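Asker: Can you read through this structure? Questions will come right after.
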Amino acid sequence: MIMAGSVIVIGAGSAGMEVSGVLARSGVSVTLIEKTANTGGHVKNWHHLFPDHRDGADVVSYMGVRAGHKLVNILTGTEIRELSRKGGKFHATTEGGSELTGDAVVVATGFDLFDCSRKEEYGYGIYDNVHTSAELEEMFRAGRLTTASGKEPEKIGFVHCVGSRDEKVGNLYCSKLCCVTAVKQAIEVRKKLPRSKVFCFYMDMRMGGASYEELYREAQEEWGISFIRGKVSEAGEMIDHRIQVKVEDTLVGRPLKLELDMLFLMAGMEMSEAGARISRIAGLKTGENRFLLASDNHYGSNRGNVEGIFYAGSCTAPMNITETISHARAAATEVIDYLNGINLK
């Protein structure tokens, strides 16, 4: 039997919506807070998902149904200014001055994409034909994939690990999804532009997910995508606005120069600004990767250092959608145990 209780969930992306739905169906009253105008997080910006090229709108619709319970009160365009615990209750003050209370808090603030303009050598924000992986998804959804001059590109490049595994920007960790994103998007480009030539520049392929390796094989065998093992050292704009990249092919041990019509940067994940802000005001610890630090890597990934505050999704580490939803469901279980007075330690 679940005791009556109330929970504040911060962040209405995949994790926040899933944990809210599970808690509500268990009889828990939920206040779901989202800083932007819409729920859905990053998923709502994706055209097709890997590895099965499923329409991202399907997942957004699923999450909407899960969180659309009568016990879930969704507040969009809302940010938390203060968060503290008094008398066994959590008290949150919004930027607008509203006061919220809850018996527990779930932080589901997700991630931010790396700002690719920090890697000036790639020319993002400088050259018109250099874009991010997120911007390519927008092009797919709009049904338009052309250069800045409106021409159909013939040669297209993808740069892996932009902002990940990079000591210069302070991100030593792997963002986990850059490689499979590049593979998925490269296949989609070839489907839309059958005559195009597509190149992926990678350090090493990390395809750690169900059917990811198979997708990588498909990209090579069925779509003829060229994978070049080597880090792009520089991208420069030519007089005709094409992009020239300099890269060393480490498998054959020689430098290469390639002229491309478009270059796409696979932006990695970073701890979200919203999550970092919550960690400061609530006294939550962060790890070396600056994501929220779980109490234990094996059996405490949903718990942090403040009793009654739980974590769901990629606020703790890079995750794919499947992992995020599973992590959110686990967080709901932890919260229910906490509300029922079960010792979690």
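Chain labels follow the order of the structure tokens: the first chain is A, the next B, and so on; residue numbering restarts at 1 in every chain, and ligands are counted from 1 in their shown order.
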Could you tell me, as an NGL selection string, which residues of region 97-153 of chain A DSSP assigns to strand (DSSP E) when given the backbone?

Answerer: :A and (99-102 or 104-107 or 111-113 or 130-132)

Asker: Compile a residue-level contact table for region 101-147 of chain A against region 180-191 of chain A at a cut-off of 12 Å, reporting for every qualifying residue the shortest atom pair and its distance in Å to one decimal, with only C-alpha atoms counted, rows ordered by chain and ascending number, as a tab-separated table.

Answerer:
residue	atom	partner	partner_atom	distance
A:Thr132	CA	A:Ala182	CA	10.7
A:Ser133	CA	A:Ala182	CA	7.8
A:Ala134	CA	A:Thr181	CA	9.9
A:Glu135	CA	A:Gln185	CA	11.3
A:Leu136	CA	A:Gln185	CA	8.0
A:Glu137	CA	A:Gln185	CA	8.2
A:Glu138	CA	A:Gln185	CA	11.7
A:Met139	CA	A:Val189	CA	10.5
A:Phe140	CA	A:Glu188	CA	8.4
A:Arg141	CA	A:Glu188	CA	11.6
A:Gly143	CA	A:Val189	CA	11.2
A:Arg144	CA	A:Val189	CA	10.8
A:Leu145	CA	A:Val189	CA	8.3
A:Thr146	CA	A:Val189	CA	11.0

Asker: Between A:Thr333, A:Gln244, A:Gly275, A:Asn289, which is the closest to Asn302 (chain A) once you count only C-alpha atoms?

Answerer: A:Thr333

Asker: Region 35-48 of chain A: which residues within 7 Å, counting only C-alpha atoms, same-chain residues fewer than 2 positions away excluded, as a ChimeraX atom specification?

Answerer: /A:12-14,33,50,53-57,60,76-79,137,140-141

Asker: Nearest residue to Asp337 (chain A) out of A:Gly5, A:Ala210, A:Lys89, A:Met319, using only C-alpha atoms?

Answerer: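 With only C-alpha atoms as the atom set, the closest residue is A:Gly5.
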
Asker: I need the residue nearest Ala317 (chain A) from this list: A:Ser279, A:Thr101, A:Ser226, A:Ser175. Use only C-alpha atoms for the distance.

Answerer: A:Ser175

Asker: Going by DSSP on the backbone, which residues of region 38-139 of chain A come out as helix (DSSP H, G or I)? List them as a PyMOL selection string.

Answerer: chain A and resi 41-45+56-67+116-118+120-122+133-139

Asker: Please produce a file of those selected residues containing N, CA and C atoms, as a short mmCIF file (atom, residue, chain, number, x, y, z; two decimals), in the first residue's frame.

Answerer:
data_model
loop_
_atom_site.label_atom_id
_atom_site.label_comp_id
_atom_site.auth_asym_id
_atom_site.auth_seq_id
_atom_site.Cartn_x
_atom_site.Cartn_y
_atom_site.Cartn_z
N GLY A 41 11.51 17.75 -23.93
CA GLY A 41 12.97 17.78 -23.94
C GLY A 41 13.57 17.73 -25.33
N HIS A 42 14.73 17.10 -25.45
CA HIS A 42 15.45 17.05 -26.73
C HIS A 42 14.75 16.16 -27.75
N VAL A 43 13.98 15.19 -27.27
CA VAL A 43 13.36 14.22 -28.20
C VAL A 43 12.45 14.92 -29.20
N LYS A 44 11.77 15.96 -28.75
CA LYS A 44 10.81 16.63 -29.65
C LYS A 44 11.50 17.32 -30.83
N ASN A 45 12.82 17.47 -30.74
CA ASN A 45 13.55 18.12 -31.83
C ASN A 45 14.12 17.14 -32.84
N GLY A 56 10.51 10.44 -34.17
CA GLY A 56 10.63 10.94 -32.81
C GLY A 56 9.31 11.37 -32.21
N ALA A 57 8.35 11.75 -33.05
CA ALA A 57 7.04 12.19 -32.56
C ALA A 57 6.32 11.05 -31.85
N ASP A 58 6.62 9.78 -32.21
CA ASP A 58 5.98 8.64 -31.55
C ASP A 58 6.34 8.60 -30.07
N VAL A 59 7.61 8.85 -29.77
CA VAL A 59 8.07 8.82 -28.39
C VAL A 59 7.52 10.01 -27.62
N VAL A 60 7.48 11.17 -28.26
CA VAL A 60 6.93 12.36 -27.61
C VAL A 60 5.46 12.13 -27.26
N SER A 61 4.72 11.51 -28.18
CA SER A 61 3.31 11.21 -27.93
C SER A 61 3.16 10.23 -26.77
N TYR A 62 4.00 9.21 -26.75
CA TYR A 62 3.98 8.22 -25.67
C TYR A 62 4.22 8.91 -24.32
N MET A 63 5.22 9.77 -24.26
CA MET A 63 5.54 10.44 -23.01
C MET A 63 4.41 11.35 -22.57
N GLY A 64 3.74 11.99 -23.53
CA GLY A 64 2.63 12.86 -23.20
C GLY A 64 1.48 12.10 -22.56
N VAL A 65 1.21 10.91 -23.08
CA VAL A 65 0.16 10.07 -22.50
C VAL A 65 0.55 9.62 -21.10
N ARG A 66 1.82 9.25 -20.92
CA ARG A 66 2.30 8.77 -19.62
C ARG A 66 2.17 9.85 -18.55
N ALA A 67 2.47 11.10 -18.93
CA ALA A 67 2.44 12.19 -17.94
C ALA A 67 1.07 12.87 -17.86
N CYS A 116 29.18 24.15 -30.05
CA CYS A 116 30.26 23.85 -31.00
C CYS A 116 31.07 25.07 -31.39
N SER A 117 30.60 26.26 -31.09
CA SER A 117 31.40 27.45 -31.38
C SER A 117 32.64 27.52 -30.50
N ARG A 118 32.66 26.73 -29.43
CA ARG A 118 33.85 26.67 -28.57
C ARG A 118 35.01 25.97 -29.27
N GLU A 120 36.65 26.47 -32.27
CA GLU A 120 36.76 27.44 -33.37
C GLU A 120 37.39 26.84 -34.61
N GLU A 121 38.21 25.81 -34.44
CA GLU A 121 38.90 25.22 -35.59
C GLU A 121 37.94 24.57 -36.58
N TYR A 122 36.69 24.32 -36.15
CA TYR A 122 35.71 23.72 -37.05
C TYR A 122 34.84 24.75 -37.77
N SER A 133 24.69 18.55 -35.39
CA SER A 133 23.80 17.40 -35.56
C SER A 133 22.36 17.80 -35.27
N ALA A 134 22.14 18.66 -34.29
CA ALA A 134 20.77 19.11 -33.97
C ALA A 134 20.17 19.90 -35.12
N GLU A 135 20.98 20.72 -35.76
CA GLU A 135 20.49 21.50 -36.90
C GLU A 135 20.17 20.61 -38.10
N LEU A 136 20.91 19.53 -38.25
CA LEU A 136 20.61 18.60 -39.33
C LEU A 136 19.25 17.94 -39.11
N GLU A 137 18.92 17.62 -37.85
CA GLU A 137 17.60 17.07 -37.56
C GLU A 137 16.50 18.05 -37.96
N GLU A 138 16.73 19.33 -37.74
CA GLU A 138 15.77 20.35 -38.16
C GLU A 138 15.60 20.35 -39.67
N MET A 139 16.71 20.18 -40.38
CA MET A 139 16.65 20.12 -41.85
C MET A 139 15.85 18.91 -42.31
#
